[in-house]
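Asker: I'd like to ask you about the structure that follows.
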Amino acid sequence: MSGPRRHRRPPLRRRLAVTASAAVAGVALAVCAGAYAVTAYTLHRQFDLQLTQAATLAVQQYRQERPGVQAGECRYLAAPACAQLVPASAADDPREGYLLPVTDAVRRVAGRQRAPFYSTASVAGHPVRVLTTPAGAGAAIQVALRSDGVRRAERQVAGLLAVIGGAGVPVAALLGYWVSRSGLAPVARLTSTAERITATRDAGHRIELPAAAGRGREDEITRLAVSFNTMLDALEESLAAQRRLVADASHELRTPLTALRANAEILLRSQQLTPRQRERATGALSRQLREVTTLVNDLIDLARDEEPRQALEPVRPVALLEHTVAAARDHWPQVAFVLDGDPSAASALAAAVPNRLTRLFSNLLDNAAKFSPPGGRVEVRALRPAGGGRLEITVRDHGPGIDTADLPHVFDRFYRARTARALPGSGLGLAMARQIAHTHHAELTAHQAPGGGALFRVVLPVEAPPAV
């Protein structure tokens, strides 16, 4: 039994086209309705003004040539206007009767009990607009004008606007389709690029940008495409770095693993070896295992993106540096380590992971000792420049120094200068030191020391200890 069918939403382009079309059509119909209302109001307003002028003339005629306006005179609708006089009392009505309807409201206007007013009526089958206004003492005059011309004009305006509004609906649909197609074209390209990357696993594809991009005329969709291309650049660089790391790691592991296998095969024939040969093979195997273990641990550390934020704690970097220098003296007895620093540097506090910061100092000291000649000196200094917001630690050796061509690459993974290829190591120490510095918001740089040798500088953000 199949499960319930999921409702599939229509594509974004269709929804955007429908929304834009409905908006444009709604605006067009609203404009037509507003135009009709304004036109109808203007026609009625002008017609009422014309009726008011006719009523004013009729009142003047009645007052000057009484009785110039008599009951029953509103017979000839072809005239500009027709009028009839209505007394306040029904007893004074003429014998002929009235052609326009006479109501109590008309009697009250004649008796000065109500203000003038407009009304509609029908005379001889024709619609008329009637104005009732006082004509003198005890009388009101009703003036009528045919209004079928106004109604005809209203119908013509309504028909014309209906045609315009009806034509605006398909135009709105076309505009909505064009807006959705042109507006979503970059999104369609972005989707196509993402699908192509997913299918081919190739992050080298990019979205084509319009010519206006990069000149301060980008819209939101163009900025999205630029951001997507930037993300693809970062992804491609990350994948390339990952491939390089795997290739370099396999290359670096191949030699010690080959040596391990050779020594293991020799130990398998231990009964054929002398005690001296067996001891040498066992020592070499143990040393190579340590090297492989160190290399693997370094690779794992380098694979970390960042240090855990919860592990940060306030530490004194100079105290960690002193401990690291003491350990380096034991590990490198043929090298003299000299530590110097000012008192303000010793009290500075930094938010750090103690074992990781110790690893940074240890890698720098091991690198300096490795390149120092027997009996050479490694000078370590900790200074706190003016301002108090940073701690500067330098490690300087008196070895061959760093060649100008090698200086930009000393922190690359597995990079080893020509002078270092005969020395032990995997080329990961300085890369790990740079990563640890980065995760602690510190700056690690390499320089050629004056007078020869290499100089490494660590600038670490610190703060003063709390006042007691």
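A note on labels: chains of the structure tokens are A, B, ... as shown, every chain counts residues from 1, and ligands are counted from 1 in their shown order.
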With only C-alpha atoms as the counted atoms, please give the residues lying no more than 9 Å from A:His44, apart from itself and same-chain residues fewer than 5 positions off, as a list of chain:residue names.

Answerer: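 Residues meeting the cut-off are A:Thr39, A:Leu49, A:Val150.
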
Asker: Output the selection as an mmCIF file, in the first residue's frame - C-alpha atoms for each residue.

Answerer:
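What follows is the written file part35.cif:
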```cif
data_model
loop_
_atom_site.group_PDB
_atom_site.id
_atom_site.type_symbol
_atom_site.label_atom_id
_atom_site.label_comp_id
_atom_site.auth_asym_id
_atom_site.auth_seq_id
_atom_site.Cartn_x
_atom_site.Cartn_y
_atom_site.Cartn_z
ATOM 1 C CA THR A 39 -14.479 60.584 -14.408
ATOM 2 C CA LEU A 49 -22.931 73.082 -11.693
ATOM 3 C CA VAL A 150 -24.263 62.010 -18.597
#
```

Asker: A:Ala55: which residues within 7 Å, counting only C-alpha atoms, same-chain residues fewer than 4 positions away excluded, as a list of chain:residue names?

Answerer: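 So, after excluding close chain neighbours, the residues are A:Leu51, A:Val59, A:Val143.
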
Asker: Could you pull out the alpha helix (DSSP H) residues of stretch 8-149 of chain A, going by DSSP on the backbone, and write them as a VMD selection string?

Answerer: chain A and resid 12 to 64 104 to 110 148 to 149

Asker: Could you pull out the strand (DSSP E) residues of stretch 319-426 of chain A from DSSP and send them as a list in words?

Answerer: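 The strand (DSSP E) residues within stretch 319-426 of chain A come out as Ala336, Phe337, Val338, Leu339, Asp340, Gly341, Ala350, Ala351, Ala352, Arg377, Val378, Glu379, Val380, Arg381, Ala382, Leu383, Arg390, Leu391, Glu392, Ile393, Thr394, Val395 and Arg396 of chain A.
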
Asker: Please write the residues from the selection above to a file, keeping N, CA, C and O atoms, as a CSV table (one decimal), in the first residue's frame.

Answerer:
```
chain,number,residue,atom,x,y,z
A,336,ALA,N,73.0,25.8,23.0
A,336,ALA,CA,72.8,26.6,24.2
A,336,ALA,C,71.5,27.5,24.0
A,336,ALA,O,71.4,28.3,23.0
A,337,PHE,N,70.5,27.4,24.8
A,337,PHE,CA,69.3,28.1,24.8
A,337,PHE,C,69.4,29.3,25.8
A,337,PHE,O,69.6,29.1,27.0
A,338,VAL,N,69.2,30.5,25.3
A,338,VAL,CA,69.2,31.7,26.1
A,338,VAL,C,67.9,32.4,26.1
A,338,VAL,O,67.4,32.7,25.0
A,339,LEU,N,67.3,32.5,27.3
A,339,LEU,CA,66.0,33.1,27.4
A,339,LEU,C,66.1,34.5,28.0
A,339,LEU,O,66.7,34.6,29.1
A,340,ASP,N,65.5,35.5,27.4
A,340,ASP,CA,65.5,36.9,27.9
A,340,ASP,C,64.1,37.5,27.8
A,340,ASP,O,63.4,37.2,26.9
A,341,GLY,N,63.8,38.3,28.7
A,341,GLY,CA,62.5,39.0,28.7
A,341,GLY,C,62.4,40.0,29.7
A,341,GLY,O,63.1,40.1,30.7
A,350,ALA,N,47.1,35.4,28.6
A,350,ALA,CA,46.5,35.1,27.3
A,350,ALA,C,45.5,34.0,27.4
A,350,ALA,O,45.6,33.1,28.2
A,351,ALA,N,44.4,34.1,26.6
A,351,ALA,CA,43.4,33.0,26.5
A,351,ALA,C,43.9,32.0,25.5
A,351,ALA,O,44.0,32.2,24.3
A,352,ALA,N,44.3,30.8,26.0
A,352,ALA,CA,44.9,29.8,25.2
A,352,ALA,C,44.7,28.4,25.7
A,352,ALA,O,44.1,28.2,26.8
A,377,ARG,N,74.0,28.9,19.5
A,377,ARG,CA,73.1,29.5,20.4
A,377,ARG,C,71.7,29.7,19.8
A,377,ARG,O,71.7,30.0,18.6
A,378,VAL,N,70.7,29.5,20.6
A,378,VAL,CA,69.3,29.8,20.2
A,378,VAL,C,68.8,30.9,21.2
A,378,VAL,O,68.8,30.6,22.4
A,379,GLU,N,68.6,32.1,20.7
A,379,GLU,CA,68.2,33.2,21.5
A,379,GLU,C,66.7,33.4,21.5
A,379,GLU,O,66.1,33.5,20.4
A,380,VAL,N,66.1,33.3,22.7
A,380,VAL,CA,64.6,33.4,22.9
A,380,VAL,C,64.4,34.7,23.7
A,380,VAL,O,64.9,34.9,24.8
A,381,ARG,N,63.5,35.5,23.2
A,381,ARG,CA,63.2,36.8,23.9
A,381,ARG,C,61.6,37.0,24.0
A,381,ARG,O,60.9,36.6,23.0
A,382,ALA,N,61.2,37.5,25.1
A,382,ALA,CA,59.8,37.8,25.3
A,382,ALA,C,59.6,39.3,25.7
A,382,ALA,O,60.2,39.7,26.7
A,383,LEU,N,59.0,40.1,24.8
A,383,LEU,CA,58.9,41.5,25.1
A,383,LEU,C,57.4,41.9,25.0
A,383,LEU,O,56.6,41.3,24.3
A,390,ARG,N,49.7,43.2,23.5
A,390,ARG,CA,50.2,42.1,22.7
A,390,ARG,C,51.6,41.7,23.4
A,390,ARG,O,52.3,42.5,24.0
A,391,LEU,N,51.9,40.5,23.1
A,391,LEU,CA,53.2,39.9,23.6
A,391,LEU,C,54.0,39.4,22.4
A,391,LEU,O,53.5,38.7,21.6
A,392,GLU,N,55.2,39.8,22.3
A,392,GLU,CA,56.1,39.5,21.2
A,392,GLU,C,57.2,38.5,21.6
A,392,GLU,O,58.0,38.9,22.5
A,393,ILE,N,57.2,37.3,21.0
A,393,ILE,CA,58.2,36.3,21.4
A,393,ILE,C,59.0,36.0,20.1
A,393,ILE,O,58.4,35.7,19.0
A,394,THR,N,60.3,36.1,20.2
A,394,THR,CA,61.2,35.8,19.0
A,394,THR,C,62.1,34.6,19.4
A,394,THR,O,62.5,34.5,20.5
A,395,VAL,N,62.3,33.8,18.3
A,395,VAL,CA,63.3,32.7,18.4
A,395,VAL,C,64.3,32.8,17.3
A,395,VAL,O,63.9,32.8,16.1
A,396,ARG,N,65.5,33.0,17.6
A,396,ARG,CA,66.6,33.3,16.6
A,396,ARG,C,67.7,32.2,16.8
A,396,ARG,O,68.2,31.9,17.9
```

Asker: Nearest to A:Tyr36: which of A:Gly159, A:Pro461, A:Gly176, A:Gly149 is it, counting only C-alpha atoms?

Answerer: A:Gly159

Asker: Applying 10 Å and only C-alpha atoms, which residues near A:Gly376 remain after dropping the ones on its own chain fewer than 6 positions away? List them as a ChimeraX atom specification.

Answerer: /A:334-337,369,397-399

Asker: What is the distance between atom CA of A:Ala124 and atom CA of A:Thr42, in Å to one decimal?

Answerer: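 So the answer is 26.9 Å.
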
Asker: Find the residue from A:Ser238, A:Thr324, A:Thr56, A:Gln156 that sits nearest to A:Ser362; use only C-alpha atoms when measuring.

Answerer: A:Thr324

Asker: So that I can check the surroundings of A:Thr103, please list as a list of chain:residue names every protein, DNA and RNA residue that reaches within 12 Å of it, counting only C-alpha atoms and ignoring chain neighbours fewer than 4 positions away.

Answerer: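 Listing them by chain and then by number gives A:Val86, A:Pro87, A:Ala88, A:Ser89, A:Ala90, A:Tyr98, A:Arg107, A:Arg108, A:Val109, A:Ala110, A:Ser119, A:Ala121, A:Thr132, A:Ala140, A:Gln142.
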
Asker: What does the structure give for the distance between atom CA of A:Ala433 and atom CA of A:Arg359, in Å to one decimal?

Answerer: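 Interatomic distance here is 7.5 Å.
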